[in-house]
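Since the structure comes first, as structure tokens, the remarks are kept for the end.
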Amino acid sequence: MSDRNRDEILSMGIDGDVYDFCMATEQELCGRFRAIDEVTEYNQLKVLNAMRKNRLGESHFAPTTGYGYNDTGREITEKIYADVFHTEDALVRPQITCGTHALALALMANLRPGDELLSPVGKPYDTLEEVIGIRPSAGSLREYGVTYAQVDLLEDESFDYAGIADAIHERTRLVTIQRSKGYASRHTLSVQETGDLIAFIKKQKADVICMVDNCYGEFVDRIEPSDVGADLVVGSLIKNPGGGLAPVGGYIAGKKEYVEQASYRLTSPGLGKEVGPSLGIYPQILQGFFLAPQTVNGALKAAILAAGIYEKLGFRVIPGMHDPRNDIIQAVEFEDPELLKAFCRGIQAAAPVDSFVRPEPWDMPGYDCPVIMAAGAFVSGSSIELSADGPIRPPYTAYFQGGLTYYHAKFGMMMSLQKVKEAKGSLYLESRKESIEQNRDDQTVTSQ
């Protein structure tokens with residue numbers, strides 16, 4: 001980077017030592033970045049070929065209203081998604097408001113009173129607790145007579161296969177597998193790990209529905225959970241697959257029977273996928289999907305950079321800077337609520353929208369404690385854009401994700417470190433670096 005760019009960044013309130021530290025960390029990661037580029041190229045071709053195969057044309061961009069009968073843009077979009085995910089069918093709709101809505105839709109459509117839902121990977125993300133009825137809520141699955149069972153991961157974060165086998169019985173109808181960590185400290189499940197788990201579950205009960213919450217995981221790998229046995233794969237369009245352009249929406253891809261059930265729940269029995277106007281949104285959904293592999297590329301690189309910066313300062317980061325990546329989320333444990341707030345305020349200060357806003361924790365719907373969120377985004381709540389959040393509870397972990405471009409996200413990392421430095425003073429960060437370097441030297445001497 002030229003001195004001219006350096007001066008421009010410093011003029012925006014970044015100290016020279018913060019800039020130099022972040023740039024030095026970036027240089028250590030060039031090899032990892034090249035490997036990400038190879039996956040991105042493959043996924044870009046996969047999306048392009050699906051659009052070419054289905055003969056996407058300008059005529060498919062015409063908006064519809066009302067019932068949306070014979071909406072060819074809607075139909076072609078769902079065929080493209082099904083081809084990319086290698087599934088029989090897909091439901092891709094702007095009427096699905098978020099990832100939680102998409103998951104709730106798939107669950108409620110395919111479960112009936114007396115069925116049991118099983119999570120073999122521990123507690124689901126906070127907002128699903130009320131959907132399931134773990135926390136009482138009007139309209140939950142529990143109110144409709146669907147029971148819930150959970151098997152936690154073992155201490156080493158591997159699957160408790162014995163516990164899962166014991167938990168599966170004649171009423172087990174659907175297994176929900178959340179790949180990403182949510183607000184937990186575990187690792188994100190790889191596609192291959194997910195496939196191994198699905199294969200084991202199918203051996204116990206062949207007709208059980210395996211649904212994968214794929215939020216934040218799309219296009220991180222060359223394959224998706226639907227390539228390794230998932231019956232349903234579910235996600236949000238204001239995360240990875242929307243590419244930052246989709247203004248709203250969610251998707252459910254999988255076996256035709258289960259996708260159709262979801263369509264009846266979304267609209268009405270007897271109507272299903274035949275209704276649902278595009279409202280002129282599908283050009284953005286499709287263009288976002290086309291850009292998604294490259295957008296995910298930048299978000300992945302930014303997450304790795306974040307891991308490197310804070311790991312080198314001695315904070316616990318999940319995953320580590322050299323660990324495999326299975327989603328775009330980077331967790332940083334601060335063990336201090338003020339540092340968590342400072343981190344999020346740095347991300348907000350680097351945003352293109354509402355950079356002047358100071359995030360504060362608040363009691364958000366669907367959460368059991370105050371949450372601080374930083375998201376100066378063009379699309380409200382879009383977490384494929386530069387964003388960060390965290391519950392105000394120990395170990396005071398920040399969850400960072402997104403960035404429409406890597407360069408913007410890199411600046412966001414610099415600003416987050418700047419705010420952390422200002423919250424505790426420059427001596428605080430210097431002491432952390434010196435402590436880490438001393439520990440490293442001591443370990444080297446011991447090994448010799």
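Letters for chains follow the order of the structure tokens (A, B, ...), residue numbers begin at 1 for each chain, and ligand numbers begin at 1 in the order shown.
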
Polymer residues at most 9 Å from range 221-234 of chain A, only C-alpha atoms, same-chain spacing of 3 or more positions, as number ranges by chain: A: 36, 39-40, 42-43, 85-87, 99, 102-103, 106, 190-192, 194-196, 198-199, 209-215, 217-218, 250-255, 258-259, 325-327

What are the nearest atom pairs, with distances in Å to one decimal, for all residues of range 305-347 of chain A that come at most 9 Å from range 356-360 of chain A, using only C-alpha atoms, set out by chain and rising residue number as CSV?
```
residue,atom,partner,partner_atom,distance
A:Lys341,CA,A:Glu360,CA,7.5
A:Cys344,CA,A:Pro359,CA,7.2
A:Arg345,CA,A:Pro359,CA,6.0
```

Could you pull the residues within 8 Å of range 385-396 of chain A, counting only C-alpha atoms, minus those fewer than 5 positions along the same chain, as a VMD selection string? chain A and resid 183 239 244 333 to 337 340 344 347 to 348 351 361 369 to 377 401 to 404 408 to 409 412

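By only C-alpha atoms, and with residues fewer than 6 positions from Tyr407 in chain A along its chain excluded, the set lying at most 12 Å from it is A:Met1, A:Asn5, A:Ile9, A:Met23, A:Glu26, A:Thr295, A:Asn297, A:Gly298, A:Ala299, A:Lys301, A:Ala302, A:Leu305, A:Ala350, A:Leu386, A:Met413, A:Met414.
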
Generate a file of the selected residues that holds C-alpha atoms, formatted as an mmCIF file, in the first residue's frame.
```cif
data_model
loop_
_atom_site.group_PDB
_atom_site.id
_atom_site.type_symbol
_atom_site.label_atom_id
_atom_site.label_comp_id
_atom_site.auth_asym_id
_atom_site.auth_seq_id
_atom_site.Cartn_x
_atom_site.Cartn_y
_atom_site.Cartn_z
ATOM 1 C CA MET A 1 0.000 0.000 0.000
ATOM 2 C CA ASN A 5 -3.207 5.496 1.035
ATOM 3 C CA ILE A 9 -6.378 6.198 6.443
ATOM 4 C CA MET A 23 -0.771 -4.138 7.754
ATOM 5 C CA GLU A 26 -2.153 -8.815 6.627
ATOM 6 C CA THR A 295 -18.571 -10.876 -1.691
ATOM 7 C CA ASN A 297 -14.378 -13.936 -0.628
ATOM 8 C CA GLY A 298 -13.845 -10.471 0.862
ATOM 9 C CA ALA A 299 -15.765 -11.310 4.029
ATOM 10 C CA LYS A 301 -10.414 -12.565 4.160
ATOM 11 C CA ALA A 302 -11.624 -9.885 6.571
ATOM 12 C CA LEU A 305 -7.477 -10.661 9.261
ATOM 13 C CA ALA A 350 -16.178 2.570 9.782
ATOM 14 C CA LEU A 386 -19.671 -4.990 7.598
ATOM 15 C CA MET A 413 -10.720 -3.856 11.549
ATOM 16 C CA MET A 414 -8.338 -0.939 11.926
#
```

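Between CA of Ile201 in chain A and CA of Arg171 in chain A there is a distance of 14.0 Å.
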
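You can rank A:Leu300, A:Ala349, A:Val121, A:Ala307 by their closest distance to Thr405 in chain A using only C-alpha atoms, and at the top of that list sits A:Leu300.
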
Exercise: Val84 in chain A partners within 7 Å, only C-alpha atoms, chain neighbours under 6 positions left out, as an MDAnalysis selection string: chainID A and resid 46:47 50

Restrict the calculation to only C-alpha atoms, then for each residue of range 325-367 of chain A with any atom at most 9 Å from an atom of range 127-134 of chain A give the closest atom pair and their distance in Å to one decimal, rows by chain and rising residue number, as a tab-separated table.
```
residue	atom	partner	partner_atom	distance
A:Pro365	CA	A:Thr127	CA	8.1
A:Gly366	CA	A:Thr127	CA	4.7
A:Tyr367	CA	A:Thr127	CA	6.2
```

Would you list the contacts of range 263-278 of chain A as an NGL selection string, taking every protein, DNA or RNA residue within 6 Å and counting only C-alpha atoms, but skipping same-chain residues closer than 4 positions in sequence? :A and (63-65 or 67-69 or 109)

Run DSSP on the backbone of this structure and report the residues of range 156-355 of chain A it assigns to strand (DSSP E), as JSON, numbers by chain. {"A": [172, 173, 174, 175, 176, 177, 178, 209, 210, 211, 212, 213, 232, 233, 234, 235, 236, 250, 251, 252, 253, 254, 316, 317, 318, 330, 331, 332, 333]}
